[in-house]
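Input: a single structure, listed below in structure tokens.
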Amino acid sequence: FVANSEKMLSNLARVRAPVAMLRATAARSMCRLASTQFSEEELMLQDTVRRFAKEQIGPRVSAMDEACKMDQQVIQGLFDQGLMGIEIDPDMGGSGMSFVDSCIVIEEIAKIDPAVAVLCDIQNTLIVTAFRKYASQELQRKYLPRFATDTVGSFCLSETSSGSDAFAMKTRADLQGDEYVINGEKCWISNSLEAGVFVVFANVDPSKGYKGVTAFVVDKENPGLIIGKKENKLGLTASSTCQLTFTDMRVPKDHVLGNVGEGYKIAIGLLNEGRIGIAAQMVGLAEGAYEYALPYMHDRKQFGQSIADFQGMQFQYADAAVDIEAARTLTYDAARIKQAGGDVVTKAAMAKYYSANVAESVASRCIDWLGGVGFTKEFLAEKYYRDVKVGKIYEGTANIQLQTIAKAIQKQYK
């Protein structure tokens with residue numbers, strides 16, 4: 001019995017050792033920040049951007065919406081705060097921060113004005129990333145300092161005949177000596193009026209299909225570039241969305257991003273990251289609408305008590321809070337995976353799809369909670385409702401996101 005007891009104790013000690021190690025590992029894991037729990041530096045950034053958005057953007061929101069134009073002081077403020085070159089290295093004039101930081105910035109700005117947020121989002125998740133990842137050193141030295149200090153960029157992919165089927169584009173680029181001559185049209189191009197630099201996708205060899213698509217860098221001053229009419233949109237009215245026409249537009253050979261014929265890879269990679277930015281925008285929009293409606297619900301009295309005290313209302317705003325937190329978690333999970341260098345395609349699709357759905361639902365509910373005043377332009381609830389609809393459309397429709405998610409699921413069973 002003694003011998004057996006000693007053997008049992010010895011075995012128990014061997015078992016306890018790895019268990020203790022597992023417990024220590026679990027304890028360390030608990031100390032790690034969850035995706036939506038920010039570090040001290042991230043909290044400082046969040047507070048700074050939140051104050052900037054409330055103080056500098058907030059007072060101009062209605063005027064910009066009515067004028068359908070971005071206030072130049074707002075754009076300048078974004079540059080002054082270092083919010084247009086978030087991931088650009090400090091030695092090139094940028095802020096030297098991270099992709100997660102970009103999402104924090106986009107979320108906070110979207111709480112106040114989603115139209116301003118999309119300008120900032122495109123700049124950081126599409127344009128700056130394109131140049132950081134794919135531009136030659138010469139192009140980086142030429143353009144990254146400008147993007148950080150005074151130049152807005154525009155991403156030119158969509159055409160009338162190529163929306164979700166983006167690489168069915170008809171815009172051509174023909175090599176003539178040391179230049180490409182580009183002819184064609186683009187539509188639904190954000191930041192068109194504000195931009196000084198355009199990333200234009202064109203096909204150098206249509207016989208190769210999408211493998212002929214190439215990304216070009218074009219300055220606004222190029223005489224072959226014509227910025228057409230500004231779309232009269234339902235929402236995001238301060239953000240310019242225009243048609244572009246290229247007529248014998250000459251672009252130097254060295255103004256290609258990445259390699260010739262790899263534009264489709266560049267576009268797909270950028271849009272996967274951009275979708276996380278749009279998810280952050282939608283989360284911010286949902287939070288902004290929610291935080292706009294809740295104080296009114298607590299102040300407004302009916303039948304001798306505040307609207308927020310009725311159980312039926314409590315269930316609604318509690319349910320909305322859960323949805324927002326779930327969308328926010330999906331978004332920052334995707335952002336941190338991307339930042340760590342992981343495969344983010346499915347997560348990005350999930351984050352954009354779910355966040356857009358939640359934002360649309362919350363923005364609609366907020367008008368319901370405000371009642372009649374929510375239907376008037378004196379209250380900002382209707383603007384959030386107008387702004388939210390495009391979240392299910394741009395940078396990949398809701399169905400495209402579902403298709404991406406479904407393909408990832410299918411791979412597990414084939």
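Here, A, B, ... name the chains of the structure tokens in the order displayed, residue numbers run from 1 inside each chain, and ligands are numbered from 1 in the same displayed order.
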With the cut-off set at 9 Å and counting only C-alpha atoms, tabulate each residue of segment 250-352 of chain A with an atom at most that distance from an atom of segment 359-380 of chain A, showing the nearest atom pair and its distance in Å to one decimal, ordered by chain and increasing number, as JSON lines.
{"residue": "A:Met282", "atom": "CA", "partner": "A:Ala359", "partner_atom": "CA", "distance": 5.6}
{"residue": "A:Val283", "atom": "CA", "partner": "A:Ala359", "partner_atom": "CA", "distance": 6.4}
{"residue": "A:Gly284", "atom": "CA", "partner": "A:Ala359", "partner_atom": "CA", "distance": 8.5}
{"residue": "A:Leu285", "atom": "CA", "partner": "A:Ala359", "partner_atom": "CA", "distance": 6.5}
{"residue": "A:Ala286", "atom": "CA", "partner": "A:Ala359", "partner_atom": "CA", "distance": 4.5}
{"residue": "A:Glu287", "atom": "CA", "partner": "A:Ala359", "partner_atom": "CA", "distance": 8.2}
{"residue": "A:Gly288", "atom": "CA", "partner": "A:Ala363", "partner_atom": "CA", "distance": 8.9}
{"residue": "A:Ala289", "atom": "CA", "partner": "A:Ala363", "partner_atom": "CA", "distance": 5.8}
{"residue": "A:Tyr290", "atom": "CA", "partner": "A:Cys366", "partner_atom": "CA", "distance": 6.4}
{"residue": "A:Tyr292", "atom": "CA", "partner": "A:Leu380", "partner_atom": "CA", "distance": 7.9}
{"residue": "A:Ala293", "atom": "CA", "partner": "A:Cys366", "partner_atom": "CA", "distance": 5.7}
{"residue": "A:Leu294", "atom": "CA", "partner": "A:Cys366", "partner_atom": "CA", "distance": 8.3}
{"residue": "A:Tyr296", "atom": "CA", "partner": "A:Leu370", "partner_atom": "CA", "distance": 7.1}
{"residue": "A:Met297", "atom": "CA", "partner": "A:Trp369", "partner_atom": "CA", "distance": 6.9}
{"residue": "A:Arg300", "atom": "CA", "partner": "A:Leu370", "partner_atom": "CA", "distance": 9.0}
{"residue": "A:Ile307", "atom": "CA", "partner": "A:Trp369", "partner_atom": "CA", "distance": 8.4}
{"residue": "A:Met313", "atom": "CA", "partner": "A:Trp369", "partner_atom": "CA", "distance": 8.0}
{"residue": "A:Gln316", "atom": "CA", "partner": "A:Arg365", "partner_atom": "CA", "distance": 8.3}
{"residue": "A:Tyr317", "atom": "CA", "partner": "A:Arg365", "partner_atom": "CA", "distance": 8.6}
{"residue": "A:Ala320", "atom": "CA", "partner": "A:Val362", "partner_atom": "CA", "distance": 6.3}
{"residue": "A:Ala321", "atom": "CA", "partner": "A:Val362", "partner_atom": "CA", "distance": 9.0}
{"residue": "A:Asp323", "atom": "CA", "partner": "A:Val362", "partner_atom": "CA", "distance": 8.6}
{"residue": "A:Ile324", "atom": "CA", "partner": "A:Ala359", "partner_atom": "CA", "distance": 7.7}
{"residue": "A:Ala327", "atom": "CA", "partner": "A:Ala359", "partner_atom": "CA", "distance": 8.9}
Neighbour list for Phe38 of chain A as JSON, numbers by chain, cut-off 12 Å, only C-alpha atoms, skip fewer than 5 positions in-chain
{"A": [32, 33, 43, 44, 45, 46, 47, 100, 101, 103, 104, 329, 332, 336]}
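By chain and then residue number, the residues within 8 Å of segment 174-182 of chain A are Thr171, Ala202, Val204, Phe246, Thr247, Asp248, Met249, Arg250, Val251, Pro252 and Lys253 of chain A, counting only C-alpha atoms and disregarding those fewer than 3 positions away in sequence.
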If you keep N, CA, C and O atoms, can you produce a file of those selected residues as a PDB file, in the first residue's frame?
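Written output follows (out02.pdb):
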ATOM      1  N   THR A 171     -11.406  49.931 -68.927  1.00  0.00           N
ATOM      2  CA  THR A 171     -10.357  50.946 -69.025  1.00  0.00           C
ATOM      3  C   THR A 171      -9.058  50.288 -69.482  1.00  0.00           C
ATOM      4  O   THR A 171      -8.614  49.296 -68.895  1.00  0.00           O
ATOM      5  N   ALA A 202      -6.279  49.803 -64.563  1.00  0.00           N
ATOM      6  CA  ALA A 202      -6.572  49.670 -65.988  1.00  0.00           C
ATOM      7  C   ALA A 202      -5.951  48.372 -66.497  1.00  0.00           C
ATOM      8  O   ALA A 202      -5.013  47.838 -65.889  1.00  0.00           O
ATOM      9  N   VAL A 204      -3.796  46.316 -69.136  1.00  0.00           N
ATOM     10  CA  VAL A 204      -2.767  46.504 -70.163  1.00  0.00           C
ATOM     11  C   VAL A 204      -2.874  45.460 -71.272  1.00  0.00           C
ATOM     12  O   VAL A 204      -2.291  45.621 -72.343  1.00  0.00           O
ATOM     13  N   PHE A 246     -10.796  59.236 -68.555  1.00  0.00           N
ATOM     14  CA  PHE A 246      -9.385  59.273 -68.964  1.00  0.00           C
ATOM     15  C   PHE A 246      -9.330  59.318 -70.490  1.00  0.00           C
ATOM     16  O   PHE A 246      -9.782  58.385 -71.162  1.00  0.00           O
ATOM     17  N   THR A 247      -8.788  60.391 -71.011  1.00  0.00           N
ATOM     18  CA  THR A 247      -8.684  60.560 -72.457  1.00  0.00           C
ATOM     19  C   THR A 247      -7.214  60.742 -72.841  1.00  0.00           C
ATOM     20  O   THR A 247      -6.611  61.777 -72.559  1.00  0.00           O
ATOM     21  N   ASP A 248      -6.650  59.682 -73.457  1.00  0.00           N
ATOM     22  CA  ASP A 248      -5.220  59.700 -73.805  1.00  0.00           C
ATOM     23  C   ASP A 248      -4.390  60.204 -72.630  1.00  0.00           C
ATOM     24  O   ASP A 248      -3.501  61.054 -72.786  1.00  0.00           O
ATOM     25  N   MET A 249      -4.670  59.692 -71.474  1.00  0.00           N
ATOM     26  CA  MET A 249      -3.968  60.098 -70.251  1.00  0.00           C
ATOM     27  C   MET A 249      -2.613  59.393 -70.186  1.00  0.00           C
ATOM     28  O   MET A 249      -2.534  58.165 -70.098  1.00  0.00           O
ATOM     29  N   ARG A 250      -1.556  60.168 -70.250  1.00  0.00           N
ATOM     30  CA  ARG A 250      -0.209  59.607 -70.284  1.00  0.00           C
ATOM     31  C   ARG A 250       0.371  59.496 -68.874  1.00  0.00           C
ATOM     32  O   ARG A 250       0.383  60.461 -68.124  1.00  0.00           O
ATOM     33  N   VAL A 251       0.840  58.278 -68.572  1.00  0.00           N
ATOM     34  CA  VAL A 251       1.400  57.991 -67.247  1.00  0.00           C
ATOM     35  C   VAL A 251       2.771  57.346 -67.436  1.00  0.00           C
ATOM     36  O   VAL A 251       2.898  56.364 -68.188  1.00  0.00           O
ATOM     37  N   PRO A 252       3.810  57.864 -66.800  1.00  0.00           N
ATOM     38  CA  PRO A 252       5.152  57.272 -66.945  1.00  0.00           C
ATOM     39  C   PRO A 252       5.192  55.806 -66.522  1.00  0.00           C
ATOM     40  O   PRO A 252       4.453  55.386 -65.620  1.00  0.00           O
ATOM     41  N   LYS A 253       6.048  55.036 -67.155  1.00  0.00           N
ATOM     42  CA  LYS A 253       6.176  53.613 -66.842  1.00  0.00           C
ATOM     43  C   LYS A 253       6.524  53.371 -65.381  1.00  0.00           C
ATOM     44  O   LYS A 253       6.114  52.357 -64.803  1.00  0.00           O
TER      45      LYS A 253
END
Between atom CA of Glu194 of chain A and atom CA of Ala335 of chain A, measure the distance and give it in Å to one decimal.
27.1 Å
Can you pull out every residue within 8 Å of segment 209-226 of chain A, counting only C-alpha atoms, but drop anything in the same chain fewer than 2 positions away, and send it as number ranges by chain?
A: 167-168, 195-207, 228, 244-251, 255-264, 266
Go ahead and dump the residues you just picked, N, CA and C atoms, as a short mmCIF file (atom, residue, chain, number, x, y, z; two decimals), in the first residue's frame.
data_model
loop_
_atom_site.label_atom_id
_atom_site.label_comp_id
_atom_site.auth_asym_id
_atom_site.auth_seq_id
_atom_site.Cartn_x
_atom_site.Cartn_y
_atom_site.Cartn_z
N PHE A 167 -13.06 43.14 -62.02
CA PHE A 167 -11.99 42.99 -63.00
C PHE A 167 -12.51 42.78 -64.42
N ALA A 168 -13.80 43.04 -64.62
CA ALA A 168 -14.35 43.08 -65.98
C ALA A 168 -14.22 44.48 -66.55
N ALA A 195 -9.11 64.90 -53.84
CA ALA A 195 -7.85 64.18 -54.07
C ALA A 195 -6.87 64.95 -54.93
N GLY A 196 -5.59 64.74 -54.61
CA GLY A 196 -4.51 65.27 -55.44
C GLY A 196 -3.79 64.17 -56.17
N VAL A 197 -4.03 62.91 -55.75
CA VAL A 197 -3.39 61.75 -56.36
C VAL A 197 -4.44 60.64 -56.48
N PHE A 198 -4.41 59.93 -57.62
CA PHE A 198 -5.38 58.87 -57.89
C PHE A 198 -4.65 57.56 -58.17
N VAL A 199 -5.12 56.48 -57.57
CA VAL A 199 -4.64 55.14 -57.92
C VAL A 199 -5.66 54.56 -58.90
N VAL A 200 -5.25 54.43 -60.16
CA VAL A 200 -6.16 54.05 -61.24
C VAL A 200 -5.84 52.63 -61.71
N PHE A 201 -6.88 51.80 -61.77
CA PHE A 201 -6.71 50.43 -62.26
C PHE A 201 -7.15 50.35 -63.72
N ALA A 202 -6.28 49.80 -64.56
CA ALA A 202 -6.57 49.67 -65.99
C ALA A 202 -5.95 48.37 -66.50
N ASN A 203 -6.47 47.88 -67.61
CA ASN A 203 -6.00 46.61 -68.16
C ASN A 203 -5.00 46.87 -69.29
N VAL A 204 -3.80 46.32 -69.14
CA VAL A 204 -2.77 46.50 -70.16
C VAL A 204 -2.87 45.46 -71.27
N ASP A 205 -3.62 44.37 -71.01
CA ASP A 205 -3.77 43.31 -72.01
C ASP A 205 -5.08 42.56 -71.75
N PRO A 206 -6.19 43.03 -72.32
CA PRO A 206 -7.49 42.41 -72.08
C PRO A 206 -7.53 40.92 -72.44
N SER A 207 -6.65 40.47 -73.33
CA SER A 207 -6.64 39.05 -73.70
C SER A 207 -6.27 38.16 -72.52
N GLY A 228 -15.61 64.31 -63.51
CA GLY A 228 -16.96 64.61 -63.97
C GLY A 228 -17.91 65.02 -62.88
N LEU A 244 -15.05 59.66 -63.37
CA LEU A 244 -13.76 60.08 -63.92
C LEU A 244 -13.64 59.61 -65.36
N THR A 245 -13.08 60.45 -66.20
CA THR A 245 -12.83 60.08 -67.59
C THR A 245 -11.35 60.23 -67.90
N PHE A 246 -10.80 59.24 -68.56
CA PHE A 246 -9.38 59.27 -68.96
C PHE A 246 -9.33 59.32 -70.49
N THR A 247 -8.79 60.39 -71.01
CA THR A 247 -8.68 60.56 -72.46
C THR A 247 -7.21 60.74 -72.84
N ASP A 248 -6.65 59.68 -73.46
CA ASP A 248 -5.22 59.70 -73.80
C ASP A 248 -4.39 60.20 -72.63
N MET A 249 -4.67 59.69 -71.47
CA MET A 249 -3.97 60.10 -70.25
C MET A 249 -2.61 59.39 -70.19
N ARG A 250 -1.56 60.17 -70.25
CA ARG A 250 -0.21 59.61 -70.28
C ARG A 250 0.37 59.50 -68.87
N VAL A 251 0.84 58.28 -68.57
CA VAL A 251 1.40 57.99 -67.25
C VAL A 251 2.77 57.35 -67.44
N HIS A 255 5.43 54.86 -62.90
CA HIS A 255 4.31 55.18 -62.00
C HIS A 255 3.32 54.02 -61.89
N VAL A 256 3.86 52.82 -61.92
CA VAL A 256 3.06 51.61 -61.71
C VAL A 256 3.28 51.13 -60.28
N LEU A 257 2.18 50.78 -59.60
CA LEU A 257 2.27 50.19 -58.26
C LEU A 257 2.45 48.69 -58.40
N GLY A 258 3.48 48.15 -57.76
CA GLY A 258 3.75 46.73 -57.89
C GLY A 258 4.20 46.39 -59.29
N ASN A 259 3.88 45.19 -59.74
CA ASN A 259 4.28 44.74 -61.07
C ASN A 259 3.13 44.87 -62.06
N VAL A 260 3.49 45.04 -63.31
CA VAL A 260 2.48 45.08 -64.37
C VAL A 260 1.71 43.76 -64.38
N GLY A 261 0.39 43.84 -64.46
CA GLY A 261 -0.44 42.65 -64.48
C GLY A 261 -0.81 42.10 -63.12
N GLU A 262 -0.37 42.76 -62.06
CA GLU A 262 -0.70 42.29 -60.71
C GLU A 262 -1.64 43.23 -59.97
N GLY A 263 -2.31 44.09 -60.74
CA GLY A 263 -3.24 45.01 -60.12
C GLY A 263 -4.39 44.33 -59.42
N TYR A 264 -4.81 43.17 -59.95
CA TYR A 264 -5.94 42.46 -59.31
C TYR A 264 -5.55 41.96 -57.93
N ILE A 266 -3.29 43.34 -55.99
CA ILE A 266 -3.20 44.54 -55.15
C ILE A 266 -4.58 44.98 -54.71
#
Write down as an NGL selection string the residues belonging to segment 27-158 of chain A that are assigned helix (DSSP H, G or I) by DSSP computed on the backbone.
:A and (27-31 or 40-67 or 72-80 or 90-92 or 99-112 or 114-134 or 137-149)
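Between Phe52 of chain A and the residues A:Ile276, A:Ile109, A:Ala351, A:Leu193, the shortest atom-to-atom distance, using only C-alpha atoms, involves A:Ile109.
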Using only C-alpha atoms, find each residue in segment 47-111 of chain A having at least one atom no more than 6 Å away from segment 136-152 of chain A; report its shortest atom-to-atom pair and that distance in Å (one decimal), rows by chain then rising number, as a tab-separated table.
residue	atom	partner	partner_atom	distance
A:Phe79	CA	A:Thr149	CA	5.5
A:Met84	CA	A:Ala148	CA	5.6
A:Gly85	CA	A:Ala148	CA	4.2
A:Met92	CA	A:Pro145	CA	5.0
A:Gly93	CA	A:Pro145	CA	5.4
A:Gly94	CA	A:Ala148	CA	5.1
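Distances to Ala334 of chain A were evaluated for A:Gln81, A:Ser192, A:Ser35, A:Ser164 using only C-alpha atoms, and the minimum falls at A:Ser35.
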So which bits of segment 276-358 of chain A end up strand (DSSP E) when you DSSP the backbone, as an MDAnalysis selection string?
chainID A and resid 301:302 305:306
Nearest to Glu87 of chain A, chosen from A:Lys338, A:Arg132, A:Arg386, A:Arg275, with only C-alpha atoms counted in the distances
A:Arg132
Nearby residues (only C-alpha atoms) at most 7 Å from segment 185-190 of chain A, same-chain spacing under 6 positions excluded, as a PyMOL selection string
chain A and resi 154-160+171+239-246
Could you please take those selected residues and save N, CA, C and O atoms as a compact mmCIF listing (two decimals), in the first residue's frame?
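Output file out_39.txt follows:
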# COMPACT_ATOMS: atom_id res chain seq x y z
N SER A 154 -7.21 59.01 -53.87
CA SER A 154 -8.47 58.43 -54.33
C SER A 154 -8.19 57.07 -54.98
O SER A 154 -7.19 56.91 -55.70
N PHE A 155 -9.07 56.12 -54.75
CA PHE A 155 -8.93 54.74 -55.20
C PHE A 155 -9.92 54.51 -56.33
O PHE A 155 -11.14 54.56 -56.12
N CYS A 156 -9.43 54.25 -57.55
CA CYS A 156 -10.28 54.24 -58.75
C CYS A 156 -10.35 52.85 -59.36
O CYS A 156 -9.52 52.47 -60.19
N LEU A 157 -11.37 52.10 -58.97
CA LEU A 157 -11.53 50.73 -59.44
C LEU A 157 -12.85 50.52 -60.19
O LEU A 157 -12.86 49.97 -61.29
N SER A 158 -13.97 50.97 -59.63
CA SER A 158 -15.30 50.66 -60.18
C SER A 158 -15.57 51.32 -61.52
O SER A 158 -15.12 52.43 -61.79
N GLU A 159 -16.34 50.61 -62.35
CA GLU A 159 -16.83 51.15 -63.62
C GLU A 159 -18.31 50.77 -63.76
O GLU A 159 -18.82 49.95 -63.00
N THR A 160 -18.97 51.38 -64.72
CA THR A 160 -20.39 51.11 -64.90
C THR A 160 -20.65 49.64 -65.19
O THR A 160 -21.68 49.09 -64.79
N THR A 171 -11.41 49.93 -68.93
CA THR A 171 -10.36 50.95 -69.03
C THR A 171 -9.06 50.29 -69.48
O THR A 171 -8.61 49.30 -68.89
N SER A 239 -19.03 63.78 -48.59
CA SER A 239 -17.97 63.03 -49.26
C SER A 239 -18.23 63.02 -50.76
O SER A 239 -19.28 62.56 -51.21
N SER A 240 -17.28 63.52 -51.53
CA SER A 240 -17.48 63.60 -52.98
C SER A 240 -17.37 62.23 -53.63
O SER A 240 -16.48 61.44 -53.32
N THR A 241 -18.30 61.94 -54.52
CA THR A 241 -18.29 60.71 -55.31
C THR A 241 -18.56 61.11 -56.75
O THR A 241 -19.64 61.61 -57.07
N CYS A 242 -17.58 60.89 -57.63
CA CYS A 242 -17.68 61.43 -58.99
C CYS A 242 -17.35 60.38 -60.04
O CYS A 242 -16.79 59.33 -59.75
N GLN A 243 -17.69 60.73 -61.27
CA GLN A 243 -17.25 59.96 -62.43
C GLN A 243 -15.91 60.53 -62.90
O GLN A 243 -15.68 61.73 -62.83
N LEU A 244 -15.05 59.66 -63.37
CA LEU A 244 -13.76 60.08 -63.92
C LEU A 244 -13.64 59.61 -65.36
O LEU A 244 -14.06 58.50 -65.69
N THR A 245 -13.08 60.45 -66.20
CA THR A 245 -12.83 60.08 -67.59
C THR A 245 -11.35 60.23 -67.90
O THR A 245 -10.73 61.24 -67.53
N PHE A 246 -10.80 59.24 -68.56
CA PHE A 246 -9.38 59.27 -68.96
C PHE A 246 -9.33 59.32 -70.49
O PHE A 246 -9.78 58.39 -71.16
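Using only C-alpha atoms, the smallest distance between any of A:Arg172, A:Lys233, A:Lys414, A:Lys69 and Val116 of chain A comes from A:Lys69.
Of the residues under consideration (A:Asp71, A:Glu325, A:Asp89, A:Glu382), A:Glu325 shows the shortest atom-to-atom contact distance to Tyr354 of chain A when counting only C-alpha atoms.
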Please provide the set of residues having any atom within 9 Å of Ile122 of chain A, restricted to only C-alpha atoms, with same-chain residues fewer than 4 positions apart removed, written as a CSV table (one decimal) with C-alpha atoms, in the first residue's frame.
chain,number,residue,atom,x,y,z
A,117,ALA,CA,-14.7,59.0,-41.6
A,118,VAL,CA,-14.8,57.5,-45.1
A,126,LEU,CA,-6.4,51.9,-49.2
A,127,ILE,CA,-4.1,54.7,-50.5
A,128,VAL,CA,-1.4,54.8,-47.8
A,153,GLY,CA,-5.7,60.1,-52.3
A,154,SER,CA,-8.5,58.4,-54.3
A,155,PHE,CA,-8.9,54.7,-55.2
A,190,SER,CA,-14.8,58.6,-53.6
A,191,ASN,CA,-12.6,61.6,-52.6
A,274,GLY,CA,-10.4,48.3,-46.4
A,277,GLY,CA,-12.0,50.0,-42.1
